[in-house]
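Just run_37.pdb here, PDB, C-alpha atoms:
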```
MODEL        1
ATOM      1  CA  MET V 265       0.000   0.000   0.000
ATOM      2  CA  ALA V 266       1.357   3.409  -0.965
ATOM      3  CA  ILE V 267       2.400   5.851   1.762
ATOM      4  CA  GLU V 268      -0.228   8.364   0.607
ATOM      5  CA  GLN V 269      -2.991   5.746   0.816
ATOM      6  CA  GLN V 270      -1.775   4.648   4.243
ATOM      7  CA  GLN V 271      -2.031   8.283   5.394
ATOM      8  CA  ASN V 272      -5.574   8.530   3.972
ATOM      9  CA  ILE V 273      -6.637   5.454   5.922
ATOM     10  CA  LYS V 274      -5.072   6.822   9.061
ATOM     11  CA  ASP V 275      -7.055  10.054   8.659
ATOM     12  CA  SER V 276     -10.284   8.341   7.637
ATOM     13  CA  LYS V 277     -13.464   8.258   9.672
ATOM     14  CA  GLU V 278     -14.380   5.349  11.888
ATOM     15  CA  GLY V 279     -17.856   4.031  12.474
ATOM     16  CA  ILE V 280     -20.046   1.011  13.108
ATOM     17  CA  ILE V 281     -22.071  -0.820  10.459
ATOM     18  CA  LEU V 282     -25.762  -0.665  11.329
ATOM     19  CA  LYS V 283     -27.097  -2.639   8.359
ATOM     20  CA  GLY V 284     -26.279  -3.818   4.865
ATOM     21  CA  VAL V 285     -28.685  -3.491   1.935
ATOM     22  CA  GLY V 286     -27.863  -4.771  -1.538
ATOM     23  CA  GLY V 287     -24.131  -4.133  -1.334
ATOM     24  CA  SER V 288     -24.487  -0.797   0.461
ATOM     25  CA  TYR V 289     -23.744  -0.372   4.152
ATOM     26  CA  HIS V 290     -25.250   2.155   6.544
ATOM     27  CA  VAL V 291     -22.462   3.230   8.885
ATOM     28  CA  GLY V 292     -22.964   5.296  12.012
ATOM     29  CA  THR V 293     -20.114   7.730  12.664
ATOM     30  CA  ALA V 294     -19.686  10.606  15.093
ATOM     31  CA  GLY V 295     -22.433  12.990  14.052
ATOM     32  CA  ALA V 296     -23.409  11.378  10.742
ATOM     33  CA  LEU V 297     -24.961   8.342   9.116
ATOM     34  CA  LEU V 298     -23.104   7.420   5.920
ATOM     35  CA  VAL V 299     -24.125   5.069   3.124
ATOM     36  CA  CYS V 300     -20.965   3.276   2.029
ATOM     37  CA  THR V 301     -19.731   0.705  -0.427
ATOM     38  CA  ALA V 302     -17.084  -1.874   0.470
ATOM     39  CA  ARG V 303     -13.765  -2.449  -1.265
ATOM     40  CA  GLY V 304     -13.614  -5.433  -3.594
ATOM     41  CA  LEU V 305     -10.674  -6.664  -1.523
ATOM     42  CA  PHE V 306     -13.105  -7.962   1.104
ATOM     43  CA  ARG V 307     -14.838 -10.183  -1.451
ATOM     44  CA  LYS V 308     -11.459 -11.475  -2.587
ATOM     45  CA  ASP V 309     -10.567 -12.356   1.003
ATOM     46  CA  ASN V 310     -14.053 -13.850   1.548
ATOM     47  CA  LYS V 311     -14.660 -11.445   4.411
ATOM     48  CA  LYS V 312     -18.079  -9.844   4.338
ATOM     49  CA  PRO V 313     -18.746  -6.709   6.392
ATOM     50  CA  LEU V 314     -21.381  -7.397   9.068
ATOM     51  CA  PRO V 315     -23.655  -5.293  11.245
ATOM     52  CA  GLY V 316     -21.657  -4.538  14.383
ATOM     53  CA  ASP V 317     -18.332  -4.282  12.559
ATOM     54  CA  ARG V 318     -16.148  -1.329  13.450
ATOM     55  CA  VAL V 319     -14.810   0.025  10.171
ATOM     56  CA  LYS V 320     -12.625   2.725   8.643
ATOM     57  CA  ILE V 321     -14.060   4.806   5.816
ATOM     58  CA  LEU V 322     -12.506   6.919   3.073
ATOM     59  CA  THR V 323     -14.546   9.705   1.480
ATOM     60  CA  ASP V 324     -13.961  11.897  -1.580
ATOM     61  CA  GLY V 325     -15.370  14.879   0.276
ATOM     62  CA  LYS V 326     -18.638  14.686  -1.646
ATOM     63  CA  GLU V 327     -21.021  11.730  -1.534
ATOM     64  CA  THR V 328     -18.765   8.735  -2.142
ATOM     65  CA  HIS V 329     -17.868   6.771   0.995
ATOM     66  CA  THR V 330     -15.903   3.524   0.915
ATOM     67  CA  ILE V 331     -15.232   1.007   3.691
ATOM     68  CA  VAL V 332     -11.508   0.325   3.399
ATOM     69  CA  GLU V 333     -10.819  -1.617   6.602
ATOM     70  CA  ILE V 334     -12.734  -3.843   8.990
ATOM     71  CA  LEU V 335     -11.237  -3.507  12.460
ATOM     72  CA  PRO V 336     -10.526  -6.730  14.401
ATOM     73  CA  ARG V 337     -13.667  -8.506  15.629
ATOM     74  CA  LYS V 338     -13.959  -9.821  19.160
ATOM     75  CA  ASN V 339     -16.589 -12.316  18.004
ATOM     76  CA  GLU V 340     -18.857 -13.118  15.078
ATOM     77  CA  LEU V 341     -22.156 -14.958  14.795
ATOM     78  CA  VAL V 342     -23.102 -16.750  11.587
ATOM     79  CA  ARG V 343     -26.823 -16.918  12.232
ATOM     80  CA  PRO V 344     -27.828 -14.228  12.952
ATOM     81  CA  PRO V 345     -24.946 -12.585  11.016
ATOM     82  CA  VAL V 346     -23.591  -9.909  13.355
ATOM     83  CA  ALA V 347     -20.199  -9.041  14.851
ATOM     84  CA  ASN V 348     -18.856  -7.725  18.172
ATOM     85  CA  VAL V 349     -21.822  -8.845  20.249
ATOM     86  CA  ASP V 350     -21.808  -8.136  23.990
ATOM     87  CA  GLN V 351     -25.144  -9.701  24.998
ATOM     88  CA  LEU V 352     -27.405 -12.313  23.422
ATOM     89  CA  VAL V 353     -31.051 -12.201  24.520
ATOM     90  CA  VAL V 354     -32.712 -15.505  23.671
ATOM     91  CA  VAL V 355     -36.452 -14.907  23.548
ATOM     92  CA  THR V 356     -38.816 -17.876  23.791
ATOM     93  CA  SER V 357     -42.540 -18.070  24.457
ATOM     94  CA  LEU V 358     -44.147 -20.294  27.055
ATOM     95  CA  CYS V 359     -46.943 -21.199  24.625
ATOM     96  CA  ASP V 360     -47.992 -20.829  20.991
ATOM     97  CA  PRO V 361     -45.282 -21.812  20.073
ATOM     98  CA  GLN V 362     -44.073 -24.056  22.869
ATOM     99  CA  PRO V 363     -40.469 -23.692  24.104
ATOM    100  CA  ASN V 364     -37.845 -25.790  22.331
ATOM    101  CA  ALA V 365     -35.123 -26.570  24.871
ATOM    102  CA  LEU V 366     -32.624 -27.747  22.262
ATOM    103  CA  VAL V 367     -32.907 -24.514  20.266
ATOM    104  CA  ILE V 368     -32.543 -22.431  23.432
ATOM    105  CA  ASP V 369     -29.536 -24.434  24.602
ATOM    106  CA  LYS V 370     -27.788 -24.232  21.236
ATOM    107  CA  MET V 371     -28.016 -20.458  21.289
ATOM    108  CA  LEU V 372     -26.808 -20.279  24.891
ATOM    109  CA  ALA V 373     -23.865 -22.568  24.125
ATOM    110  CA  LEU V 374     -22.974 -20.404  21.151
ATOM    111  CA  ALA V 375     -23.042 -17.301  23.347
ATOM    112  CA  VAL V 376     -20.801 -18.884  25.988
ATOM    113  CA  LYS V 377     -18.325 -20.058  23.340
ATOM    114  CA  ASN V 378     -18.059 -16.541  21.931
ATOM    115  CA  HIS V 379     -17.754 -14.845  25.344
ATOM    116  CA  ILE V 380     -21.158 -13.199  24.971
ATOM    117  CA  ARG V 381     -23.342 -12.662  28.029
ATOM    118  CA  PRO V 382     -26.478 -14.816  27.564
ATOM    119  CA  ILE V 383     -29.899 -13.723  28.819
ATOM    120  CA  VAL V 384     -33.105 -15.772  28.591
ATOM    121  CA  VAL V 385     -36.458 -14.004  28.231
ATOM    122  CA  PHE V 386     -39.645 -16.067  28.488
ATOM    123  CA  SER V 387     -42.587 -14.288  26.899
ATOM    124  CA  LYS V 388     -46.373 -14.724  27.287
ATOM    125  CA  VAL V 389     -46.113 -15.246  31.052
ATOM    126  CA  ASP V 390     -49.655 -13.878  31.302
ATOM    127  CA  LEU V 391     -50.883 -16.974  29.425
ATOM    128  CA  GLN V 392     -48.783 -19.800  30.855
ATOM    129  CA  ASP V 393     -46.979 -20.594  34.089
ATOM    130  CA  GLY V 394     -43.247 -20.753  33.463
ATOM    131  CA  ALA V 395     -41.915 -21.762  36.883
ATOM    132  CA  TRP V 396     -40.342 -25.008  35.635
ATOM    133  CA  TRP V 397     -38.548 -23.271  32.768
ATOM    134  CA  PHE V 398     -37.377 -20.425  34.979
ATOM    135  CA  HIS V 399     -35.881 -22.927  37.416
ATOM    136  CA  VAL V 400     -34.012 -24.842  34.695
ATOM    137  CA  TYR V 401     -32.155 -21.792  33.432
ATOM    138  CA  GLN V 402     -31.702 -20.018  36.741
ATOM    139  CA  GLN V 403     -30.204 -23.228  38.135
ATOM    140  CA  ALA V 404     -27.794 -23.227  35.182
ATOM    141  CA  GLY V 405     -26.680 -19.722  36.159
ATOM    142  CA  PHE V 406     -28.384 -17.637  33.467
ATOM    143  CA  CYS V 407     -30.162 -14.335  33.854
ATOM    144  CA  VAL V 408     -33.869 -15.150  33.332
ATOM    145  CA  ILE V 409     -36.528 -12.501  32.727
ATOM    146  CA  PRO V 410     -40.282 -13.230  32.511
ATOM    147  CA  PHE V 411     -41.990 -10.951  29.960
ATOM    148  CA  SER V 412     -45.551 -10.059  28.984
ATOM    149  CA  SER V 413     -46.455  -7.562  26.277
ATOM    150  CA  VAL V 414     -49.930  -7.404  27.879
ATOM    151  CA  THR V 415     -48.999  -6.567  31.477
ATOM    152  CA  GLY V 416     -45.590  -5.022  30.813
ATOM    153  CA  GLU V 417     -43.842  -7.428  33.181
ATOM    154  CA  GLY V 418     -40.127  -7.623  32.471
ATOM    155  CA  VAL V 419     -39.911  -4.488  30.297
ATOM    156  CA  ASP V 420     -37.993  -2.399  32.834
ATOM    157  CA  ALA V 421     -35.646  -5.289  33.616
ATOM    158  CA  VAL V 422     -34.740  -5.695  29.937
ATOM    159  CA  ARG V 423     -34.428  -1.949  29.384
ATOM    160  CA  GLN V 424     -31.872  -1.675  32.193
ATOM    161  CA  LEU V 425     -29.675  -4.238  30.432
ATOM    162  CA  LEU V 426     -29.508  -2.218  27.209
ATOM    163  CA  GLN V 427     -26.890   0.312  28.172
ATOM    164  CA  GLY V 428     -23.708   0.253  26.131
ATOM    165  CA  GLY V 429     -22.394  -2.404  23.782
ATOM    166  CA  ILE V 430     -24.341  -4.463  21.257
ATOM    167  CA  THR V 431     -27.274  -6.609  22.324
ATOM    168  CA  VAL V 432     -28.748  -9.139  19.917
ATOM    169  CA  PHE V 433     -32.317 -10.398  20.294
ATOM    170  CA  THR V 434     -32.994 -13.774  18.757
ATOM    171  CA  GLY V 435     -35.325 -16.748  19.028
ATOM    172  CA  ASN V 436     -37.921 -18.780  17.177
ATOM    173  CA  SER V 437     -40.456 -17.060  14.954
ATOM    174  CA  GLY V 438     -43.578 -15.948  16.771
ATOM    175  CA  VAL V 439     -42.100 -15.800  20.260
ATOM    176  CA  GLY V 440     -42.326 -12.024  20.553
ATOM    177  CA  LYS V 441     -38.874 -10.596  19.823
ATOM    178  CA  SER V 442     -40.245  -7.573  17.994
ATOM    179  CA  SER V 443     -43.037  -7.127  20.554
ATOM    180  CA  LEU V 444     -40.438  -7.064  23.320
ATOM    181  CA  LEU V 445     -38.292  -4.528  21.488
ATOM    182  CA  ASN V 446     -41.338  -2.346  20.812
ATOM    183  CA  CYS V 447     -42.094  -2.336  24.542
ATOM    184  CA  VAL V 448     -38.499  -1.617  25.535
ATOM    185  CA  VAL V 449     -37.726   0.907  22.775
ATOM    186  CA  PRO V 450     -41.131   2.194  21.526
ATOM    187  CA  GLN V 451     -39.641   4.511  18.891
ATOM    188  CA  LEU V 452     -38.464   1.501  16.876
ATOM    189  CA  ARG V 453     -42.048   0.559  15.889
ATOM    190  CA  LEU V 454     -40.953  -2.818  14.533
ATOM    191  CA  GLU V 455     -43.413  -4.842  12.495
ATOM    192  CA  THR V 456     -44.926  -7.793  14.331
ATOM    193  CA  GLY V 457     -46.812 -10.799  13.000
ATOM    194  CA  ASP V 458     -49.707 -12.913  14.164
ATOM    195  CA  ILE V 459     -49.310 -16.602  14.829
ATOM    196  CA  SER V 460     -50.199 -18.881  11.950
ATOM    197  CA  LYS V 461     -52.600 -21.408  13.429
ATOM    198  CA  LYS V 462     -52.160 -23.674  10.435
ATOM    199  CA  LEU V 463     -48.380 -23.825  10.682
ATOM    200  CA  GLY V 464     -48.100 -23.375  14.446
ATOM    201  CA  ARG V 465     -45.397 -20.734  14.082
ATOM    202  CA  GLY V 466     -45.038 -17.032  13.482
ATOM    203  CA  ARG V 467     -44.728 -15.338  10.139
ATOM    204  CA  HIS V 468     -41.272 -13.964   9.383
ATOM    205  CA  THR V 469     -41.732 -10.225   9.862
ATOM    206  CA  THR V 470     -38.034  -9.422  10.349
ATOM    207  CA  ARG V 471     -36.084  -9.814   7.101
ATOM    208  CA  LYS V 472     -32.580  -8.661   7.970
ATOM    209  CA  VAL V 473     -30.277  -7.875  10.868
ATOM    210  CA  GLU V 474     -30.232  -4.198  11.745
ATOM    211  CA  LEU V 475     -28.685  -2.386  14.703
ATOM    212  CA  PHE V 476     -30.666   0.405  16.336
ATOM    213  CA  ALA V 477     -28.803   3.104  18.287
ATOM    214  CA  LEU V 478     -30.239   3.842  21.731
ATOM    215  CA  GLU V 479     -30.407   7.244  23.393
ATOM    216  CA  GLN V 480     -28.798   5.881  26.560
ATOM    217  CA  GLY V 481     -25.911   4.426  24.537
ATOM    218  CA  GLY V 482     -25.442   1.040  22.940
ATOM    219  CA  TYR V 483     -27.252  -0.778  20.165
ATOM    220  CA  VAL V 484     -29.902  -3.455  19.883
ATOM    221  CA  ALA V 485     -30.530  -5.857  17.019
ATOM    222  CA  ASP V 486     -33.697  -7.625  15.963
ATOM    223  CA  THR V 487     -32.918 -10.722  13.913
ATOM    224  CA  PRO V 488     -34.701 -13.009  11.457
ATOM    225  CA  GLY V 489     -36.573 -15.867  13.099
ATOM    226  CA  PHE V 490     -35.205 -19.382  12.911
ATOM    227  CA  SER V 491     -36.683 -22.841  13.364
ATOM    228  CA  LEU V 492     -33.865 -25.192  14.341
ATOM    229  CA  LEU V 493     -30.223 -24.230  14.428
ATOM    230  CA  ASP V 494     -27.434 -26.467  13.313
ATOM    231  CA  LEU V 495     -24.094 -26.049  15.056
ATOM    232  CA  GLU V 496     -22.142 -26.319  11.811
ATOM    233  CA  ARG V 497     -23.714 -23.048  10.680
ATOM    234  CA  CYS V 498     -23.510 -21.345  14.051
ATOM    235  CA  GLY V 499     -19.904 -21.406  15.131
ATOM    236  CA  GLN V 500     -18.814 -25.034  14.845
ATOM    237  CA  ILE V 501     -18.558 -25.982  18.500
ATOM    238  CA  ARG V 502     -16.258 -29.004  18.614
ATOM    239  CA  LYS V 503     -17.074 -31.952  20.822
ATOM    240  CA  GLU V 504     -13.997 -31.139  22.955
ATOM    241  CA  GLU V 505     -15.367 -27.618  23.567
ATOM    242  CA  LEU V 506     -19.003 -28.469  24.177
ATOM    243  CA  ALA V 507     -18.869 -29.292  27.900
ATOM    244  CA  ASP V 508     -17.258 -25.904  28.588
ATOM    245  CA  CYS V 509     -20.245 -24.255  26.867
ATOM    246  CA  PHE V 510     -22.542 -25.718  29.540
ATOM    247  CA  THR V 511     -21.242 -23.618  32.404
ATOM    248  CA  GLU V 512     -23.099 -25.559  35.111
ATOM    249  CA  PHE V 513     -20.866 -28.555  34.288
ATOM    250  CA  ALA V 514     -17.767 -26.641  35.436
ATOM    251  CA  PRO V 515     -17.739 -27.761  39.105
ATOM    252  CA  TYR V 516     -17.736 -31.410  37.991
ATOM    253  CA  ILE V 517     -15.292 -31.339  35.078
ATOM    254  CA  GLY V 518     -12.115 -33.217  35.995
ATOM    255  CA  LYS V 519     -13.833 -35.264  38.711
ATOM    256  CA  CYS V 520     -15.005 -38.150  36.506
ATOM    257  CA  ARG V 521     -13.529 -41.641  36.881
ATOM    258  CA  PHE V 522     -12.021 -41.470  33.401
ATOM    259  CA  SER V 523     -10.110 -38.459  32.082
ATOM    260  CA  SER V 524     -11.573 -39.062  28.611
ATOM    261  CA  CYS V 525     -15.166 -38.950  29.890
ATOM    262  CA  ALA V 526     -17.548 -37.316  27.418
ATOM    263  CA  HIS V 527     -20.318 -36.956  30.054
ATOM    264  CA  LEU V 528     -22.807 -38.932  28.013
ATOM    265  CA  ARG V 529     -23.550 -42.331  29.603
ATOM    266  CA  GLU V 530     -20.215 -43.330  31.179
ATOM    267  CA  LYS V 531     -19.941 -44.962  34.593
ATOM    268  CA  GLY V 532     -18.281 -42.795  37.197
ATOM    269  CA  CYS V 533     -19.185 -39.574  35.382
ATOM    270  CA  ALA V 534     -19.391 -36.716  37.883
ATOM    271  CA  VAL V 535     -21.661 -34.724  35.567
ATOM    272  CA  LEU V 536     -24.168 -37.598  35.299
ATOM    273  CA  GLU V 537     -24.096 -38.048  39.056
ATOM    274  CA  ALA V 538     -24.896 -34.336  39.445
ATOM    275  CA  VAL V 539     -27.837 -34.791  37.052
ATOM    276  CA  GLN V 540     -29.099 -37.701  39.157
ATOM    277  CA  ARG V 541     -28.865 -35.569  42.317
ATOM    278  CA  GLY V 542     -30.803 -32.761  40.640
ATOM    279  CA  GLU V 543     -27.841 -30.374  40.653
ATOM    280  CA  ILE V 544     -27.877 -30.222  36.845
ATOM    281  CA  SER V 545     -31.152 -30.170  34.919
ATOM    282  CA  GLU V 546     -32.047 -33.337  32.985
ATOM    283  CA  SER V 547     -33.334 -31.101  30.194
ATOM    284  CA  ARG V 548     -30.005 -29.321  29.848
ATOM    285  CA  HIS V 549     -28.101 -32.600  29.863
ATOM    286  CA  ARG V 550     -30.394 -34.019  27.151
ATOM    287  CA  SER V 551     -29.561 -31.006  25.001
ATOM    288  CA  TYR V 552     -25.854 -31.550  25.639
ATOM    289  CA  VAL V 553     -26.114 -35.197  24.525
ATOM    290  CA  ALA V 554     -28.076 -34.237  21.398
ATOM    291  CA  MET V 555     -25.547 -31.551  20.489
ATOM    292  CA  TYR V 556     -22.614 -33.887  21.147
ATOM    293  CA  ASP V 557     -24.146 -36.520  18.875
ATOM    294  CA  GLU V 558     -24.421 -33.912  16.111
ATOM    295  CA  VAL V 559     -20.732 -33.014  16.170
ATOM    296  CA  LYS V 560     -18.952 -36.138  17.420
ATOM    297  CA  ASP V 561     -18.051 -37.413  13.940
ATOM    298  CA  TRP V 562     -16.980 -34.099  12.430
ATOM    299  CA  LYS V 563     -13.541 -34.103  10.842
ATOM    300  CA  GLU V 564     -11.106 -31.199  11.047
ATOM    301  CA  TRP V 565     -11.483 -30.379   7.353
ATOM    302  CA  GLU V 566     -15.244 -30.055   7.868
ATOM    303  CA  HIS V 567     -14.635 -27.427  10.575
ATOM    304  CA  LYS V 568     -12.328 -25.501   8.240
ATOM    305  CA  ASN V 569     -14.891 -25.554   5.461
TER     306      ASN V 569
ENDMDL
END
```
Encoded form (structure tokens):
Amino acid sequence: MAIEQQQNIKDSKEGIILKGVGGSYHVGTAGALLVCTARGLFRKDNKKPLPGDRVKILTDGKETHTIVEILPRKNELVRPPVANVDQLVVVTSLCDPQPNALVIDKMLALAVKNHIRPIVVFSKVDLQDGAWWFHVYQQAGFCVIPFSSVTGEGVDAVRQLLQGGITVFTGNSGVGKSSLLNCVVPQLRLETGDISKKLGRGRHTTRKVELFALEQGGYVADTPGFSLLDLERCGQIRKEELADCFTEFAPYIGKCRFSSCAHLREKGCAVLEAVQRGEISESRHRSYVAMYDEVKDWKEWEHKN
């Protein structure tokens, strides 16, 4: 790179990508929102700019703005596609649709792996008792917030969490992500959808990932709904890493009879003994086993691809 170009990059503006639309990127900078294109070099390096990326921008002084550098990411999610996440709020409803423990636990494991603070919000608490679900995730050490768009329960608790950093809201379709965000940040006025009785799930009202700047500082993201996540698309958690992504296993790791214990069905497994004593939820352990079975036969080249 020429010295002159290096100087231009040094003097360029910095900002954060809020959304990408058809090859253009909306970048928030100090005092301005710029619509930018990205250098072809990123496509060559197979590195796509993502919402949440901190970037450097060159401008011709008129209306042409170009992203010339993506600053180092501290983490990156594949689905939803967003970078530099500080908190992941997993929203799930207690009814219509019913909670899916495996989906919840995959997202929580992904958050732990990427050093993202996970938060679980259970919606529709005015329609269904959620005591059992609350216990499962509180016992595992997660922040759990009951929410109702009807009574307003949980709105203040969620709002207090959204100060600084990037918070991603995600979950199954129809569970109330957009309704929650509309309650917490009313000026967003996000589109919401009714539940399809025929399909038993919500209509996809959110089409892309977009970050919204908050007056109190920080950003929130509403994300497209998903049905069932697959670890290969969501961060490739290896079987050797999986137990560490279930943080409630930590006190028992290293105490099994065999050092190679996978904590599945082995005799002398300290994790299984904790499950039997009720110290670890059976539901969480079932999710661990299901996730382990998904990745146990992966080869290294599959991870790289």
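Restricting the calculation to only C-alpha atoms, the smallest distance between Asp350 in chain V and any of V:Met371, V:Ser547, V:Gly316, V:Ala294 is found for V:Gly316.
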Specify as a PDB file with C-alpha atoms, in the coordinates of the input each residue included when the PyMOL selection byres ((chain V and resi 370) around 8) is applied to this file.
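Final output, selection-v7.pdb:
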```pdb
ATOM      1  CA  LEU V 366     -32.624 -27.747  22.262  1.00  0.00           C
ATOM      2  CA  VAL V 367     -32.907 -24.514  20.266  1.00  0.00           C
ATOM      3  CA  ILE V 368     -32.543 -22.431  23.432  1.00  0.00           C
ATOM      4  CA  ASP V 369     -29.536 -24.434  24.602  1.00  0.00           C
ATOM      5  CA  MET V 371     -28.016 -20.458  21.289  1.00  0.00           C
ATOM      6  CA  LEU V 372     -26.808 -20.279  24.891  1.00  0.00           C
ATOM      7  CA  ALA V 373     -23.865 -22.568  24.125  1.00  0.00           C
ATOM      8  CA  LEU V 374     -22.974 -20.404  21.151  1.00  0.00           C
ATOM      9  CA  LEU V 493     -30.223 -24.230  14.428  1.00  0.00           C
ATOM     10  CA  LEU V 495     -24.094 -26.049  15.056  1.00  0.00           C
ATOM     11  CA  SER V 551     -29.561 -31.006  25.001  1.00  0.00           C
ATOM     12  CA  MET V 555     -25.547 -31.551  20.489  1.00  0.00           C
TER      13      MET V 555
END
```
(request) May I have the residues within 8 Å of Pro315 in chain V as a PyMOL selection string, using only C-alpha atoms and disregarding those fewer than 4 positions away in the same chain? (result) chain V and resi 280-284+345-347+473-475
(request) For CA of Cys407 in chain V and CA of Val384 in chain V, determine how far apart the two atoms are, in Å to one decimal place. (result)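 For CA of Cys407 in chain V relative to CA of Val384 in chain V, the distance reads 6.2 Å.
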(message) Selection in question (the file shown): the PyMOL selection byres ((chain V and resi 418) around 10). Which residues does it include, as a PyMOL selection string?
(response) chain V and resi 385-387+389+408-413+415-417+419-423+444+447-448
